[in-house]
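**Student:** Quick one: the structure is below, and I'll ask about it shortly.
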There are 2 protein chains.
Amino acid sequence: MGGEISARKQILTDFLQDVWTDGQVEKVDHYLADNYSIHNDPGDPWDGQTLSIAGFKDRLIQSRAMAPDQIFDVEKMVEEGNDIAVAWSWSGTHLGDIPGIPATGRNITMTGLTIYSFEGDRLSGHWQIADRLSVFQQLTQGPG
Amino acid sequence: MGGEISARKQILTDFLQDVWTDGQVEKVDHYLADNYSIHNDPGDPWDGQTLSIAGFKDRLIQSRAMAPDQIFDVEKMVEEGNDIAVAWSWSGTHLGDIPGIPATGRNITMTGLTIYSFEGDRLSGHWQIADRLSVFQQLTQGPG
């Protein structure tokens, strides 16, 4: 690879930092296309939906409530045409209730892979798998 | 995209069909580099290991025993440099015991994402996330 990073890889890196790690809701206007399609994202309540920018902001706020201090780290990116696959690591503190599991205060980690699609310099959708079983195990198994 | 598929995408498509769907163990010799590194694959017993061709065959045989009729379908590929990200769907019948869950005979489905790395025309490793929580839920929740 070397030191070069493509314009779209930089946009995606900034999006993950500004929007998902830092939770800057207003920045969604800057990164998102008018319609954002979630093609596959098992476990995500919005799986299969196409969201407006307002709808995406709602998803962002609700999703981040589980772990408001969450951090996404990029492990690897693979770009072709309008798509970028990104392998990521995630960590955060479980401070918000999720269905069936009230907040535990535990530090949790997870890895995942997402293929993001672009329209011009805007994100228009994704196909994602997160390792939800690891999270489930970290929240439900001892030591407490 | 159009009708064209790159040489390496064709190799990867054939590998998934011949090796993982059809279980042709001897074909591993044809597709794999001498050393195959599993960089990230939570839940896989070989996660973090670098395998010889013989070691990979052992992993293949043990992994396929859970669902010997398993089928991998390619949903999308993204290629750059020596890497191809592939989004996939999987289905199979749970005919082999897994840790903690004896064979149920249930038909199960799963989606996943893998970044495969190439050396020349051979596969040399991967970074993978499978939606294991869906499988866990399909095997442990009713109706039986």
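How things are named: the first chain in the structure tokens is A, the next is B, and so on; residues count from 1 in each chain; ligands count from 1 in the order shown.
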Please identify all polymer residues within 8 Å of A:Trp90, counting only C-alpha atoms, omitting same-chain residues fewer than 5 positions from it, and present them as a list of chain:residue names.
**Tutor:** A:Gln70, A:Ile71, A:Phe72, A:Asp73, A:Thr109, A:Met110, A:Thr111, A:Gly112
**Student:** Taking the DSSP assignment computed from this structure's backbone, write out as a PyMOL selection string all residues of chain A that belong to helix (DSSP H, G or I).
**Tutor:** chain A and resi 7-21+25-31+53-64+132-140
**Student:** Keeping C-alpha atoms for every residue in the selection just given, could you write it to a file as a PDB file, in the first residue's frame?
**Tutor:**
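Below is the file out.pdb, written as the result:
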ATOM      1  CA  ALA A   7      -9.929  10.469  -1.344  1.00  0.00           C
ATOM      2  CA  ARG A   8     -12.810   8.143  -0.581  1.00  0.00           C
ATOM      3  CA  LYS A   9     -10.819   6.143   1.979  1.00  0.00           C
ATOM      4  CA  GLN A  10     -10.085   9.436   3.731  1.00  0.00           C
ATOM      5  CA  ILE A  11     -13.776  10.375   3.662  1.00  0.00           C
ATOM      6  CA  LEU A  12     -14.739   6.992   5.113  1.00  0.00           C
ATOM      7  CA  THR A  13     -12.049   7.228   7.798  1.00  0.00           C
ATOM      8  CA  ASP A  14     -13.298  10.697   8.766  1.00  0.00           C
ATOM      9  CA  PHE A  15     -16.937   9.526   8.742  1.00  0.00           C
ATOM     10  CA  LEU A  16     -16.177   6.687  11.163  1.00  0.00           C
ATOM     11  CA  GLN A  17     -14.286   9.082  13.434  1.00  0.00           C
ATOM     12  CA  ASP A  18     -16.634  12.075  13.342  1.00  0.00           C
ATOM     13  CA  VAL A  19     -19.998  10.305  13.188  1.00  0.00           C
ATOM     14  CA  TRP A  20     -19.626   6.911  14.900  1.00  0.00           C
ATOM     15  CA  THR A  21     -16.724   7.463  17.314  1.00  0.00           C
ATOM     16  CA  VAL A  25     -24.842  14.081  14.664  1.00  0.00           C
ATOM     17  CA  GLU A  26     -24.865  17.262  12.566  1.00  0.00           C
ATOM     18  CA  LYS A  27     -21.930  15.959  10.485  1.00  0.00           C
ATOM     19  CA  VAL A  28     -24.203  13.333   8.951  1.00  0.00           C
ATOM     20  CA  ASP A  29     -25.342  16.104   6.579  1.00  0.00           C
ATOM     21  CA  HIS A  30     -21.796  16.326   5.276  1.00  0.00           C
ATOM     22  CA  TYR A  31     -21.144  12.615   4.674  1.00  0.00           C
ATOM     23  CA  ILE A  53     -30.603  11.793   6.413  1.00  0.00           C
ATOM     24  CA  ALA A  54     -33.023  12.437   9.298  1.00  0.00           C
ATOM     25  CA  GLY A  55     -33.673   8.720   9.616  1.00  0.00           C
ATOM     26  CA  PHE A  56     -29.941   7.978   9.690  1.00  0.00           C
ATOM     27  CA  LYS A  57     -29.454  10.548  12.465  1.00  0.00           C
ATOM     28  CA  ASP A  58     -32.155   8.813  14.486  1.00  0.00           C
ATOM     29  CA  ARG A  59     -30.399   5.458  13.954  1.00  0.00           C
ATOM     30  CA  LEU A  60     -27.051   6.994  14.954  1.00  0.00           C
ATOM     31  CA  ILE A  61     -28.407   8.460  18.202  1.00  0.00           C
ATOM     32  CA  GLN A  62     -30.236   5.272  19.199  1.00  0.00           C
ATOM     33  CA  SER A  63     -27.313   3.006  18.247  1.00  0.00           C
ATOM     34  CA  ARG A  64     -24.661   4.999  20.084  1.00  0.00           C
ATOM     35  CA  ARG A 132     -22.570  -9.830  17.823  1.00  0.00           C
ATOM     36  CA  LEU A 133     -22.055 -13.216  19.503  1.00  0.00           C
ATOM     37  CA  SER A 134     -18.856 -11.924  21.151  1.00  0.00           C
ATOM     38  CA  VAL A 135     -20.792  -8.960  22.547  1.00  0.00           C
ATOM     39  CA  PHE A 136     -23.595 -11.213  23.789  1.00  0.00           C
ATOM     40  CA  GLN A 137     -21.044 -13.431  25.543  1.00  0.00           C
ATOM     41  CA  GLN A 138     -19.202 -10.492  27.104  1.00  0.00           C
ATOM     42  CA  LEU A 139     -22.466  -9.094  28.486  1.00  0.00           C
ATOM     43  CA  THR A 140     -23.995 -12.328  29.758  1.00  0.00           C
TER      44      THR A 140
END
**Student:** Dump as a list in words the residues of chain B that approach chain A to within 9 Å, counting only C-alpha atoms.
**Tutor:**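 Every residue meeting the condition is included here: Met1, Asn40, Pro42, Gly43, Met77, Val78, Glu79, Glu80, Gly81, Asp83, Ile84, Ala85, Val86, Ala87, Thr111, Gly112, Leu113, Thr114, Ile115, Trp127, Gln128, Ile129, Ala130, Asp131, Arg132, Leu133, Ser134 and Phe136 of chain B.
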**Student:** Applying 7 Å and only C-alpha atoms, which residues near A:His39 remain after dropping the ones on its own chain fewer than 5 positions away? List them as number ranges by chain.
**Tutor:** A: 47-48, 126-127
**Student:** Once you have the residues from the selection above, write them out as a PDB file, in the first residue's frame, restricted to N, CA and C atoms.
**Tutor:**
ATOM      1  N   ASP A  47     -32.115  -2.870   9.577  1.00  0.00           N
ATOM      2  CA  ASP A  47     -31.683  -3.766   8.496  1.00  0.00           C
ATOM      3  C   ASP A  47     -32.750  -3.836   7.403  1.00  0.00           C
ATOM      4  N   GLY A  48     -32.324  -3.659   6.156  1.00  0.00           N
ATOM      5  CA  GLY A  48     -33.242  -3.763   5.024  1.00  0.00           C
ATOM      6  C   GLY A  48     -33.920  -2.455   4.646  1.00  0.00           C
ATOM      7  N   HIS A 126     -24.666   0.385   2.964  1.00  0.00           N
ATOM      8  CA  HIS A 126     -23.678  -0.585   3.423  1.00  0.00           C
ATOM      9  C   HIS A 126     -24.235  -2.003   3.471  1.00  0.00           C
ATOM     10  N   TRP A 127     -23.319  -2.957   3.572  1.00  0.00           N
ATOM     11  CA  TRP A 127     -23.565  -4.406   3.757  1.00  0.00           C
ATOM     12  C   TRP A 127     -22.619  -4.785   4.878  1.00  0.00           C
TER      13      TRP A 127
END
**Student:** Can you list, as a ChimeraX atom specification, every protein, DNA or RNA residue that comes within 10 Å of B:His94 when you count only C-alpha atoms, leaving out same-chain residues fewer than 3 positions away?
**Tutor:** /B:65-70,91,97-98,101-108,135,139
**Student:** Would you mind exporting C-alpha atoms of the selected residues as a tab-separated table (two decimals), in the first residue's frame?
**Tutor:**
chain	number	residue	atom	x	y	z
B	65	ALA	CA	-18.75	-31.63	9.74
B	66	MET	CA	-21.32	-29.35	11.37
B	67	ALA	CA	-23.28	-29.03	8.10
B	68	PRO	CA	-21.94	-31.33	5.35
B	69	ASP	CA	-24.52	-30.07	2.81
B	70	GLN	CA	-23.48	-26.46	3.28
B	91	SER	CA	-27.00	-22.27	4.39
B	97	ASP	CA	-22.45	-31.65	16.98
B	98	ILE	CA	-20.82	-28.35	17.90
B	101	ILE	CA	-25.08	-27.93	20.95
B	102	PRO	CA	-25.67	-31.51	19.72
B	103	ALA	CA	-26.90	-31.89	16.13
B	104	THR	CA	-30.45	-30.54	15.75
B	105	GLY	CA	-31.20	-31.41	12.11
B	106	ARG	CA	-32.33	-27.82	11.61
B	107	ASN	CA	-31.85	-25.90	8.38
B	108	ILE	CA	-29.82	-22.82	9.23
B	135	VAL	CA	-26.69	-19.36	14.10
B	139	LEU	CA	-30.07	-23.60	17.06
**Student:** Please measure the separation of atom CA of A:Ser37 and atom CA of A:Ser6, giving the value in Å to one decimal.
**Tutor:**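 Between atom CA of A:Ser37 and atom CA of A:Ser6 the gap is 23.2 Å.
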**Student:** To one decimal place in Å, what is the distance between atom CA of B:Asp22 and atom CA of B:Gly96?
**Tutor:**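 Separation of atom CA of B:Asp22 and atom CA of B:Gly96: 16.5 Å.
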**Student:** Write out as a PyMOL selection string all residues of chain A that DSSP puts in strand (DSSP E or B) for this structure's backbone.
**Tutor:** chain A and resi 32-40+50-51+71-80+83-93+98+101+107-119+122-130
**Student:** To one decimal place, how far is atom CA of B:Asp34 from atom CA of B:Asp121 in Å?
**Tutor:**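 The value is 12.1 Å.
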**Student:** Quick one: residues within 10 Å of A:Gly120, only C-alpha atoms counted, chain neighbours fewer than 2 positions away excluded, as a list in words?
**Tutor:**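 Once the nearby chain positions are removed, what remains is Arg8, Ala33, Asn82, Ser117, Phe118, Arg122, Leu123 and Ser124 of chain A.
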**Student:** Give me a file of those residues, with C-alpha atoms, as a compact mmCIF listing (two decimals), in the first residue's frame.
**Tutor:**
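Dumped everything to result32.txt:
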# COMPACT_ATOMS: atom_id res chain seq x y z
CA ARG A 8 -12.81 8.14 -0.58
CA ALA A 33 -26.31 10.83 0.31
CA ASN A 82 -17.90 2.69 -5.77
CA SER A 117 -21.04 2.23 -1.17
CA PHE A 118 -20.43 5.75 -2.46
CA ARG A 122 -21.20 10.72 -0.23
CA LEU A 123 -22.01 7.41 1.45
CA SER A 124 -25.14 5.75 0.04
